[in-house]
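input21.cif (mmCIF, C-alpha atoms)
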data_start
loop_
_atom_site.label_atom_id
_atom_site.label_comp_id
_atom_site.auth_asym_id
_atom_site.auth_seq_id
_atom_site.Cartn_x
_atom_site.Cartn_y
_atom_site.Cartn_z
CA MET K 1 -22.44 -8.90 0.97
CA GLY K 2 -19.04 -10.50 0.59
CA VAL K 3 -20.39 -13.65 -1.12
CA ASN K 4 -19.97 -14.30 -4.84
CA LEU K 5 -23.62 -15.10 -5.56
CA PRO K 6 -24.78 -13.37 -8.78
CA ALA K 7 -28.43 -13.42 -9.87
CA HIS K 8 -30.43 -12.08 -12.81
CA LEU K 9 -32.63 -10.00 -10.50
CA VAL K 10 -31.54 -8.28 -7.27
CA VAL K 11 -34.16 -6.65 -5.02
CA ILE K 12 -33.10 -4.36 -2.18
CA LYS K 13 -36.16 -4.34 0.05
CA GLY K 14 -35.50 -1.24 2.11
CA THR K 15 -32.39 0.94 2.21
CA THR K 16 -31.93 1.46 5.95
CA ARG K 17 -30.28 -0.59 8.67
CA TYR K 18 -29.76 -0.16 12.39
CA VAL K 19 -26.41 1.35 13.38
CA GLY K 20 -25.41 0.59 16.97
CA ASP K 21 -22.83 2.03 19.34
CA SER K 22 -20.05 -0.16 17.95
CA GLU K 23 -20.44 1.34 14.46
CA THR K 24 -20.76 5.02 15.35
CA ALA K 25 -17.95 7.50 15.70
CA PRO K 26 -17.73 9.79 18.76
CA GLY K 27 -20.55 12.33 18.66
CA GLU K 28 -22.70 10.34 16.22
CA THR K 29 -26.11 8.98 17.19
CA THR K 30 -27.35 5.42 16.89
CA GLY K 31 -30.50 4.39 15.02
CA TYR K 32 -31.68 3.49 11.54
CA LYS K 33 -29.54 5.01 8.78
CA GLU K 34 -29.36 4.77 5.01
CA TYR K 35 -26.97 2.31 3.39
CA THR K 36 -23.81 3.94 2.13
CA GLN K 37 -23.32 4.30 -1.60
CA THR K 38 -20.63 1.61 -1.52
CA GLU K 39 -22.96 -0.89 0.17
CA VAL K 40 -25.77 -0.26 -2.33
CA LEU K 41 -23.45 -0.52 -5.34
CA GLN K 42 -22.02 -3.77 -4.02
CA MET K 43 -25.49 -5.27 -3.62
CA VAL K 44 -26.85 -4.17 -7.01
CA GLY K 45 -23.57 -5.33 -8.55
CA ARG K 46 -24.73 -8.90 -7.97
CA ALA K 47 -27.31 -8.45 -10.74
CA GLY K 48 -26.35 -10.25 -13.93
CA ARG K 49 -24.84 -13.70 -14.37
CA PRO K 50 -21.87 -13.44 -16.75
CA GLN K 51 -22.26 -16.97 -18.05
CA PHE K 52 -26.04 -16.71 -18.68
CA ASP K 53 -27.14 -13.04 -19.00
CA ASN K 54 -26.30 -10.09 -21.19
CA GLU K 55 -27.73 -7.73 -18.57
CA GLY K 56 -28.91 -7.72 -14.97
CA VAL K 57 -31.87 -6.10 -13.23
CA ALA K 58 -31.75 -4.35 -9.84
CA VAL K 59 -34.80 -3.05 -7.97
CA ILE K 60 -34.29 -0.62 -5.08
CA MET K 61 -37.26 -0.17 -2.74
CA THR K 62 -36.86 3.01 -0.71
CA SER K 63 -38.90 5.86 0.70
CA LYS K 64 -40.09 8.64 -1.58
CA ASP K 65 -37.84 11.15 0.16
CA ASN K 66 -34.73 9.19 -0.87
CA THR K 67 -35.73 8.53 -4.49
CA HIS K 68 -33.57 11.36 -5.82
CA ARG K 69 -30.52 9.92 -4.04
CA TYR K 70 -30.68 6.65 -5.96
CA GLN K 71 -31.61 8.37 -9.21
CA ARG K 72 -28.36 10.36 -8.93
CA MET K 73 -26.51 7.14 -8.17
CA MET K 74 -27.73 5.67 -11.48
CA THR K 75 -26.33 8.60 -13.47
CA GLY K 76 -23.02 8.47 -11.61
CA GLN K 77 -21.50 10.60 -8.86
CA PRO K 78 -18.00 12.02 -8.41
CA VAL K 79 -15.60 9.94 -6.37
CA GLU K 80 -14.80 11.47 -2.96
CA SER K 81 -11.69 11.06 -0.84
CA CYS K 82 -11.67 8.75 2.20
CA LEU K 83 -8.51 10.29 3.66
CA MET K 84 -10.51 12.54 6.02
CA ALA K 85 -11.75 9.56 8.06
CA ASN K 86 -8.20 8.33 8.79
CA LEU K 87 -6.23 11.56 8.56
CA ALA K 88 -4.50 11.18 11.95
CA GLU K 89 -3.28 7.66 11.10
CA HIS K 90 -1.85 8.75 7.73
CA LEU K 91 -0.28 11.88 9.18
CA ASN K 92 1.39 9.78 11.87
CA ALA K 93 2.75 7.40 9.24
CA GLU K 94 4.26 10.33 7.31
CA LEU K 95 5.88 11.61 10.53
CA VAL K 96 7.42 8.18 11.11
CA LEU K 97 8.74 8.05 7.54
CA GLY K 98 10.17 11.57 7.88
CA THR K 99 8.15 12.86 4.92
CA ILE K 100 6.64 15.48 7.25
CA GLN K 101 8.85 17.27 9.76
CA ASP K 102 6.95 20.49 10.38
CA VAL K 103 3.57 22.15 9.78
CA PRO K 104 4.42 23.74 6.39
CA MET K 105 5.53 20.34 5.09
CA ALA K 106 2.24 18.89 6.34
CA ILE K 107 0.33 21.55 4.39
CA GLN K 108 2.30 20.71 1.25
CA TRP K 109 1.54 17.03 1.82
CA ILE K 110 -2.19 17.75 2.04
CA LYS K 111 -1.99 19.82 -1.15
CA SER K 112 -0.57 16.81 -3.02
CA SER K 113 -3.51 14.60 -2.02
CA PHE K 114 -6.81 13.84 -3.71
CA LEU K 115 -8.51 15.13 -0.54
CA TYR K 116 -7.23 18.65 -1.30
CA THR K 117 -8.74 18.54 -4.79
CA ARG K 118 -12.13 17.36 -3.56
CA VAL K 119 -12.26 19.73 -0.56
CA ARG K 120 -11.90 22.70 -2.90
CA THR K 121 -14.52 21.31 -5.29
CA ASN K 122 -17.06 19.93 -2.80
CA PRO K 123 -16.36 21.35 0.68
CA SER K 124 -19.84 20.50 2.00
CA HIS K 125 -19.09 16.76 1.71
CA TYR K 126 -16.26 17.21 4.22
CA GLY K 127 -18.10 19.57 6.56
CA LEU K 128 -16.07 22.61 5.48
CA ALA K 129 -18.68 24.56 3.51
CA HIS K 130 -18.85 27.21 6.26
CA LYS K 131 -15.05 27.59 6.22
CA LEU K 132 -14.25 27.66 2.51
CA LYS K 133 -15.76 30.65 0.73
CA PRO K 134 -15.65 31.45 -3.00
CA GLY K 135 -12.88 33.86 -3.95
CA MET K 136 -10.61 33.02 -1.00
CA SER K 137 -6.94 33.86 -1.45
CA GLN K 138 -4.30 31.14 -1.33
CA ALA K 139 -3.11 32.38 2.06
CA GLU K 140 -6.65 32.18 3.48
CA LEU K 141 -7.07 28.69 2.01
CA ASP K 142 -3.79 27.57 3.57
CA GLY K 143 -5.01 28.91 6.92
CA VAL K 144 -8.18 26.81 6.73
CA LEU K 145 -6.19 23.74 5.70
CA LYS K 146 -3.82 24.25 8.61
CA SER K 147 -6.57 24.62 11.23
CA GLN K 148 -9.02 22.01 9.94
CA LEU K 149 -6.91 19.33 8.24
CA ILE K 150 -3.55 19.58 9.98
CA MET K 151 -3.79 20.96 13.52
CA GLN K 152 -6.81 18.85 14.51
CA PRO K 153 -5.14 15.47 13.83
CA VAL K 154 -1.83 16.84 15.14
CA SER K 155 -3.50 17.80 18.43
CA GLN K 156 -4.88 14.25 18.70
CA LEU K 157 -1.41 12.76 18.17
CA LEU K 158 0.04 15.13 20.77
CA GLU K 159 -2.74 14.36 23.25
CA TYR K 160 -1.95 10.64 23.28
CA GLY K 161 1.82 11.07 23.21
CA LEU K 162 2.20 9.82 19.65
CA ALA K 163 4.02 12.93 18.42
CA THR K 164 6.09 15.77 19.85
CA THR K 165 6.56 19.40 18.87
CA ASP K 166 8.76 22.32 19.92
CA GLU K 167 7.76 25.35 22.00
CA ASP K 168 6.52 27.20 18.93
CA SER K 169 4.46 24.18 17.74
CA TYR K 170 6.40 24.36 14.49
CA SER K 171 8.42 21.15 14.15
CA LEU K 172 6.81 17.71 14.37
CA ALA K 173 8.29 14.30 15.17
CA ALA K 174 6.88 10.86 15.95
CA THR K 175 7.45 9.32 19.39
CA LYS K 176 8.16 5.66 20.09
CA ALA K 177 4.43 5.07 20.59
CA GLY K 178 3.69 6.75 17.27
CA LYS K 179 6.24 4.54 15.51
CA LEU K 180 4.66 1.44 17.05
CA MET K 181 1.23 2.60 15.88
CA ALA K 182 2.49 3.02 12.30
CA ASN K 183 4.53 -0.20 12.25
CA HIS K 184 1.55 -2.27 13.41
CA PHE K 185 -1.04 -0.40 11.30
CA LEU K 186 -3.28 0.49 14.25
CA LYS K 187 -6.16 2.95 14.37
CA LEU K 188 -5.80 6.08 16.49
CA ARG K 189 -8.48 5.12 19.03
CA THR K 190 -6.94 1.65 19.42
CA MET K 191 -3.51 3.12 20.10
CA ALA K 192 -5.04 5.63 22.52
CA SER K 193 -6.56 2.72 24.51
CA ILE K 194 -3.15 1.03 24.65
CA VAL K 195 -1.46 4.22 25.84
CA LYS K 196 -4.04 4.58 28.63
CA LEU K 197 -3.39 1.06 29.96
CA GLY K 198 -0.53 2.05 32.23
CA GLN K 199 2.59 0.11 33.13
CA GLN K 200 1.19 -3.05 34.75
CA PRO K 201 -2.26 -3.92 33.38
CA ASN K 202 -3.83 -7.29 34.16
CA MET K 203 -4.71 -9.86 31.51
CA PRO K 204 -8.49 -9.11 31.37
CA SER K 205 -7.68 -5.43 30.74
CA LEU K 206 -5.38 -6.35 27.85
CA LEU K 207 -8.06 -8.59 26.33
CA ARG K 208 -10.70 -5.86 26.68
CA VAL K 209 -8.47 -3.41 24.80
CA ILE K 210 -8.21 -5.90 21.93
CA CYS K 211 -11.96 -6.57 21.89
CA GLY K 212 -12.79 -2.86 22.06
CA ALA K 213 -10.36 -1.91 19.31
CA GLU K 214 -11.47 0.42 16.53
CA GLU K 215 -10.58 -2.32 14.05
CA PHE K 216 -13.67 -4.24 15.28
CA ARG K 217 -16.12 -1.35 15.25
CA ASN K 218 -18.32 -3.13 12.70
CA ALA K 219 -18.80 -6.22 14.87
CA SER K 220 -22.39 -6.99 15.90
CA LEU K 221 -24.12 -9.30 18.35
CA ARG K 222 -26.81 -11.26 16.53
CA ARG K 223 -29.80 -12.75 18.28
CA CYS K 224 -29.06 -16.25 16.97
CA GLU K 225 -25.57 -16.16 18.53
CA ARG K 226 -26.55 -15.25 22.08
CA LYS K 227 -27.38 -18.72 23.40
CA VAL K 228 -24.09 -20.37 22.47
CA LEU K 229 -22.08 -17.36 23.65
CA ASN K 230 -23.95 -17.19 26.96
CA ASP K 231 -23.35 -20.93 27.46
CA ILE K 232 -19.61 -20.44 26.89
CA ASN K 233 -19.52 -17.52 29.32
CA HIS K 234 -21.21 -19.63 32.03
CA ALA K 235 -18.77 -22.56 31.64
CA THR K 236 -17.44 -23.62 35.05
CA ASP K 237 -14.37 -25.51 33.82
CA PRO K 238 -11.29 -23.18 33.82
CA GLN K 239 -9.95 -25.12 30.85
CA GLN K 240 -12.97 -23.97 28.84
CA LEU K 241 -12.93 -20.30 29.82
CA ARG K 242 -10.52 -18.50 32.12
CA TYR K 243 -11.92 -14.97 32.07
CA HIS K 244 -15.68 -14.39 32.07
CA VAL K 245 -17.88 -11.42 31.28
CA MET K 246 -18.94 -10.15 34.71
CA ALA K 247 -22.05 -8.20 35.64
CA THR K 248 -21.64 -4.55 36.65
CA ARG K 249 -23.72 -2.03 38.54
CA ASP K 250 -24.99 1.22 37.06
CA ASP K 251 -21.87 3.04 38.29
CA GLY K 252 -19.61 0.56 36.48
CA THR K 253 -18.38 -1.36 39.54
CA ALA K 254 -18.32 -5.17 39.40
CA THR K 255 -20.94 -7.21 41.26
CA GLY K 256 -18.78 -10.34 41.45
CA LYS K 257 -21.35 -12.37 39.51
CA LEU K 258 -21.37 -13.62 35.94
CA LYS K 259 -23.39 -11.55 33.52
CA GLU K 260 -26.63 -13.36 32.77
CA ARG K 261 -26.83 -12.35 29.10
CA LEU K 262 -24.33 -10.73 26.76
CA THR K 263 -25.56 -7.39 25.45
CA SER K 264 -22.76 -5.83 23.37
CA PRO K 265 -20.45 -6.75 20.49
CA GLN K 266 -17.42 -6.15 22.73
CA GLU K 267 -18.68 -8.77 25.20
CA LYS K 268 -19.20 -11.18 22.31
CA LEU K 269 -15.62 -10.65 21.12
CA PHE K 270 -14.32 -11.05 24.69
CA VAL K 271 -15.97 -14.48 24.95
CA LEU K 272 -14.76 -15.53 21.48
CA LEU K 273 -11.20 -14.45 22.23
CA ASN K 274 -11.15 -16.28 25.57
CA ASP K 275 -12.62 -19.36 23.94
CA ALA K 276 -9.90 -19.34 21.28
CA LEU K 277 -7.22 -19.17 23.99
CA ALA K 278 -8.79 -21.90 26.14
CA ASP K 279 -7.39 -25.43 26.53
CA LYS K 280 -10.79 -26.84 25.59
CA PRO K 281 -12.38 -24.47 23.05
CA CYS K 282 -16.05 -24.76 22.21
CA GLU K 283 -16.80 -27.20 19.39
CA THR K 284 -20.33 -25.97 18.65
CA LEU K 285 -19.53 -22.58 17.09
CA ASP K 286 -21.15 -22.13 13.69
CA TYR K 287 -19.22 -21.14 10.57
CA SER K 288 -19.94 -17.43 10.97
CA LEU K 289 -18.67 -17.30 14.55
CA LYS K 290 -15.57 -19.29 13.63
CA GLN K 291 -14.79 -16.81 10.88
CA GLU K 292 -15.16 -13.91 13.29
CA GLN K 293 -12.97 -15.72 15.80
CA GLU K 294 -10.24 -16.26 13.20
CA ARG K 295 -10.27 -12.59 12.21
CA LEU K 296 -10.25 -11.62 15.89
CA LEU K 297 -7.11 -13.70 16.43
CA LEU K 298 -5.43 -12.39 13.29
CA VAL K 299 -5.96 -8.71 14.09
CA GLY K 300 -5.59 -9.33 17.83
CA GLN K 301 -2.07 -10.68 17.32
CA ARG K 302 -1.06 -7.41 15.69
CA ILE K 303 -2.54 -5.38 18.56
CA ALA K 304 -0.95 -7.66 21.16
CA LYS K 305 2.48 -7.33 19.53
CA CYS K 306 2.17 -3.55 19.77
CA MET K 307 1.19 -3.78 23.46
CA ALA K 308 4.18 -6.07 24.14
CA ARG K 309 6.59 -3.49 22.73
#
Let me see the file written as C-alpha cells.
Amino acid sequence: MGVNLPAHLVVIKGTTRYVGDSETAPGETTGYKEYTQTEVLQMVGRAGRPQFDNEGVAVIMTSKDNTHRYQRMMTGQPVESCLMANLAEHLNAELVLGTIQDVPMAIQWIKSSFLYTRVRTNPSHYGLAHKLKPGMSQAELDGVLKSQLIMQPVSQLLEYGLATTDEDSYSLAATKAGKLMANHFLKLRTMASIVKLGQQPNMPSLLRVICGAEEFRNASLRRCERKVLNDINHATDPQQLRYHVMATRDDGTATGKLKERLTSPQEKLFVLLNDALADKPCETLDYSLKQEQERLLLVGQRIAKCMAR
C-alpha cells in the first residue's frame, strides 16, 4: 500500500492482519482482524495497467464466512461518515472558531453534517441502533443527538481542561489549551497527555509524549528492524544517543539498566527520535526507518511547539 505499482492481476492472499496495542482504541481488543474496506479497495485498485490493459483482475482469498462481505463490496456500498471517530477534535475546532457557543448550536451543527444523515439512515454502523427507534419524534431525536454525539465529546473536552461551561452546562467556550490543540491540529489523546505533563517535566518525559502520541498509533515494530534499533539503544557514546530505553519491573519502576530488547512501537519511536537529535546519528538505517524518522520529526515538531506554548 502507498506505492504506485499497478499490475494486471492482484491477489489478496488472506484478508486478516494482526492489530496490536498501538492500533487499538481504548476498550478494543488486540488480535487478527479483517482489513477495512478502504484497505481492500486500495489493494484491488492496483489491478490494471493503464498503458497496457483495458481491464484488471483482482482475486480475494478469504474465509467462507466473509464471502458475503466482499460480494457486497463488488456491488457497491453506501459511503459512511468518518466524523464520529474524531468528533471531539472537530467540536473543539468549532468552539475555537466561535461557530459553536452553546449546546443548541452544537446540535444544529451536527444536523448540518453528513454524519447526521447517515446516523438516521444506518444507526447500527455508529453503534446507535439501540438508541434510535423508528417513528421517533424530532424532540426525542434531538435528545439522543445531545446525549450521544454532543455531551460525550463535550465531557471529554471538559475533563482535560480544553473547554469550559457555565453552572447550567449550557454555554461552551474553548480554553487556552483547547485553542492550542486546534491551532496545532492535535488529536484529543495527544493533547490529554500534554495536559497531564505538569509544569516542569524532564526531557525524557517530553519525548515519550511525542512518541506515544495518537498521531503515531499505526506505527509498528517489525522483526527485521529490531537488531539495528537495539544496537542504537545500547550505544555508549553520549553523542550517539543521550536518552535510552530503560528496563522496568512489573510494577513500572525503573531497574536502572538498559532494556535488552525493544518490544513496542513507542520504544522504537523513542530510539528513532533520540537518534535524529543526536550529534552522531546512525548511518545504517534502511530507507523505511529513515522515512519513519522523517515523519516522526515532522509531526513531532508540531507537538513540541504545542508543548512549548
Tell me, in Å to one decimal, how far atom CA of K:Thr36 is from atom CA of K:Lys13. 15.0 Å
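Between atom CA of K:Glu267 and atom CA of K:Arg208 lies a distance of 8.6 Å.
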Where does the PyMOL selection byres ((chain K and resi 239-253) around 12) land in this file, that is, which residues does it pick, as a PyMOL selection string? chain K and resi 202-208+229-238+254-264+266-283
Selected residues written out, C-alpha atoms, as a short mmCIF file (atom, residue, chain, number, x, y, z; two decimals), in the frame of the given file:
data_model
loop_
_atom_site.label_atom_id
_atom_site.label_comp_id
_atom_site.auth_asym_id
_atom_site.auth_seq_id
_atom_site.Cartn_x
_atom_site.Cartn_y
_atom_site.Cartn_z
CA ASN K 202 -3.83 -7.29 34.16
CA MET K 203 -4.71 -9.86 31.51
CA PRO K 204 -8.49 -9.11 31.37
CA SER K 205 -7.68 -5.43 30.74
CA LEU K 206 -5.38 -6.35 27.85
CA LEU K 207 -8.06 -8.59 26.33
CA ARG K 208 -10.70 -5.86 26.68
CA LEU K 229 -22.08 -17.36 23.65
CA ASN K 230 -23.95 -17.19 26.96
CA ASP K 231 -23.35 -20.93 27.46
CA ILE K 232 -19.61 -20.44 26.89
CA ASN K 233 -19.52 -17.52 29.32
CA HIS K 234 -21.21 -19.63 32.03
CA ALA K 235 -18.77 -22.56 31.64
CA THR K 236 -17.44 -23.62 35.05
CA ASP K 237 -14.37 -25.51 33.82
CA PRO K 238 -11.29 -23.18 33.82
CA ALA K 254 -18.32 -5.17 39.40
CA THR K 255 -20.94 -7.21 41.26
CA GLY K 256 -18.78 -10.34 41.45
CA LYS K 257 -21.35 -12.37 39.51
CA LEU K 258 -21.37 -13.62 35.94
CA LYS K 259 -23.39 -11.55 33.52
CA GLU K 260 -26.63 -13.36 32.77
CA ARG K 261 -26.83 -12.35 29.10
CA LEU K 262 -24.33 -10.73 26.76
CA THR K 263 -25.56 -7.39 25.45
CA SER K 264 -22.76 -5.83 23.37
CA GLN K 266 -17.42 -6.15 22.73
CA GLU K 267 -18.68 -8.77 25.20
CA LYS K 268 -19.20 -11.18 22.31
CA LEU K 269 -15.62 -10.65 21.12
CA PHE K 270 -14.32 -11.05 24.69
CA VAL K 271 -15.97 -14.48 24.95
CA LEU K 272 -14.76 -15.53 21.48
CA LEU K 273 -11.20 -14.45 22.23
CA ASN K 274 -11.15 -16.28 25.57
CA ASP K 275 -12.62 -19.36 23.94
CA ALA K 276 -9.90 -19.34 21.28
CA LEU K 277 -7.22 -19.17 23.99
CA ALA K 278 -8.79 -21.90 26.14
CA ASP K 279 -7.39 -25.43 26.53
CA LYS K 280 -10.79 -26.84 25.59
CA PRO K 281 -12.38 -24.47 23.05
CA CYS K 282 -16.05 -24.76 22.21
CA GLU K 283 -16.80 -27.20 19.39
#
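Taking all atoms listed in the file into account, K:Ala173 lies nearest to K:Ile100 out of the set K:Leu141, K:Val19, K:Ile100, K:Leu5.
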Residues picked by the PyMOL selection byres ((chain K and resi 184) around 12) here, as an MDAnalysis selection string? chainID K and resid 89 93 177:183 185:188 190:191 299:309
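With all atoms listed in the file as the atoms that count, the minimum distance from K:Ser81 to the choices K:Leu145, K:Leu115, K:Met105, K:Ile110 is reached by K:Leu115.
With all atoms listed in the file as the basis for measurement, K:Glu34 is the residue among K:Glu28, K:Asp286, K:Glu34, K:Glu225 that approaches K:Asp65 most closely.
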For K:Glu292, which residue out of K:Cys211, K:Val154, K:Ala129, K:Met74 is the nearest one, using all atoms listed in the file? K:Cys211
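The interatomic distance for the pair atom CA of K:Lys227 and atom CA of K:Leu285 works out to 10.8 Å.
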Write a file for stretch 17-66 of chain K of the given structure; include C-alpha atoms and format it as a PDB file, in the first residue's frame.
ATOM      1  CA  ARG K  17      -3.897  -8.868   9.797  1.00  0.00           C
ATOM      2  CA  TYR K  18      -2.711  -8.608  13.383  1.00  0.00           C
ATOM      3  CA  VAL K  19      -3.782  -5.442  15.188  1.00  0.00           C
ATOM      4  CA  GLY K  20      -1.599  -4.602  18.192  1.00  0.00           C
ATOM      5  CA  ASP K  21      -1.994  -2.280  21.165  1.00  0.00           C
ATOM      6  CA  SER K  22      -0.720   0.733  19.221  1.00  0.00           C
ATOM      7  CA  GLU K  23      -3.552   0.439  16.671  1.00  0.00           C
ATOM      8  CA  THR K  24      -6.484  -0.200  19.005  1.00  0.00           C
ATOM      9  CA  ALA K  25      -8.685   2.400  20.610  1.00  0.00           C
ATOM     10  CA  PRO K  26      -9.448   2.276  24.356  1.00  0.00           C
ATOM     11  CA  GLY K  27     -11.670  -0.715  25.106  1.00  0.00           C
ATOM     12  CA  GLU K  28     -10.838  -2.566  21.883  1.00  0.00           C
ATOM     13  CA  THR K  29      -9.057  -5.925  21.893  1.00  0.00           C
ATOM     14  CA  THR K  30      -5.919  -6.878  20.005  1.00  0.00           C
ATOM     15  CA  GLY K  31      -5.661  -9.826  17.616  1.00  0.00           C
ATOM     16  CA  TYR K  32      -6.294 -10.726  13.992  1.00  0.00           C
ATOM     17  CA  LYS K  33      -8.934  -8.543  12.335  1.00  0.00           C
ATOM     18  CA  GLU K  34     -10.334  -8.124   8.838  1.00  0.00           C
ATOM     19  CA  TYR K  35      -8.902  -5.473   6.548  1.00  0.00           C
ATOM     20  CA  THR K  36     -11.038  -2.370   6.364  1.00  0.00           C
ATOM     21  CA  GLN K  37     -12.983  -1.677   3.198  1.00  0.00           C
ATOM     22  CA  THR K  38     -10.623   1.187   2.351  1.00  0.00           C
ATOM     23  CA  GLU K  39      -7.553  -1.058   2.624  1.00  0.00           C
ATOM     24  CA  VAL K  40      -9.082  -3.745   0.398  1.00  0.00           C
ATOM     25  CA  LEU K  41     -10.226  -1.239  -2.230  1.00  0.00           C
ATOM     26  CA  GLN K  42      -6.780   0.342  -2.300  1.00  0.00           C
ATOM     27  CA  MET K  43      -5.117  -3.032  -2.867  1.00  0.00           C
ATOM     28  CA  VAL K  44      -7.503  -4.259  -5.574  1.00  0.00           C
ATOM     29  CA  GLY K  45      -7.253  -0.823  -7.171  1.00  0.00           C
ATOM     30  CA  ARG K  46      -3.734  -1.750  -8.263  1.00  0.00           C
ATOM     31  CA  ALA K  47      -5.216  -4.182 -10.791  1.00  0.00           C
ATOM     32  CA  GLY K  48      -4.994  -2.910 -14.344  1.00  0.00           C
ATOM     33  CA  ARG K  49      -2.126  -1.133 -16.074  1.00  0.00           C
ATOM     34  CA  PRO K  50      -3.497   1.947 -17.857  1.00  0.00           C
ATOM     35  CA  GLN K  51      -0.853   1.891 -20.563  1.00  0.00           C
ATOM     36  CA  PHE K  52      -1.213  -1.847 -21.339  1.00  0.00           C
ATOM     37  CA  ASP K  53      -4.614  -3.190 -20.165  1.00  0.00           C
ATOM     38  CA  ASN K  54      -8.250  -2.435 -20.822  1.00  0.00           C
ATOM     39  CA  GLU K  55      -9.199  -4.193 -17.577  1.00  0.00           C
ATOM     40  CA  GLY K  56      -7.627  -5.579 -14.426  1.00  0.00           C
ATOM     41  CA  VAL K  57      -8.221  -8.749 -12.420  1.00  0.00           C
ATOM     42  CA  ALA K  58      -8.362  -8.955  -8.616  1.00  0.00           C
ATOM     43  CA  VAL K  59      -8.615 -12.196  -6.635  1.00  0.00           C
ATOM     44  CA  ILE K  60      -9.588 -12.037  -2.960  1.00  0.00           C
ATOM     45  CA  MET K  61      -8.871 -15.165  -0.911  1.00  0.00           C
ATOM     46  CA  THR K  62     -10.890 -15.119   2.299  1.00  0.00           C
ATOM     47  CA  SER K  63     -12.785 -17.441   4.608  1.00  0.00           C
ATOM     48  CA  LYS K  64     -16.220 -18.697   3.625  1.00  0.00           C
ATOM     49  CA  ASP K  65     -17.833 -16.736   6.450  1.00  0.00           C
ATOM     50  CA  ASN K  66     -16.625 -13.444   4.954  1.00  0.00           C
TER      51      ASN K  66
END
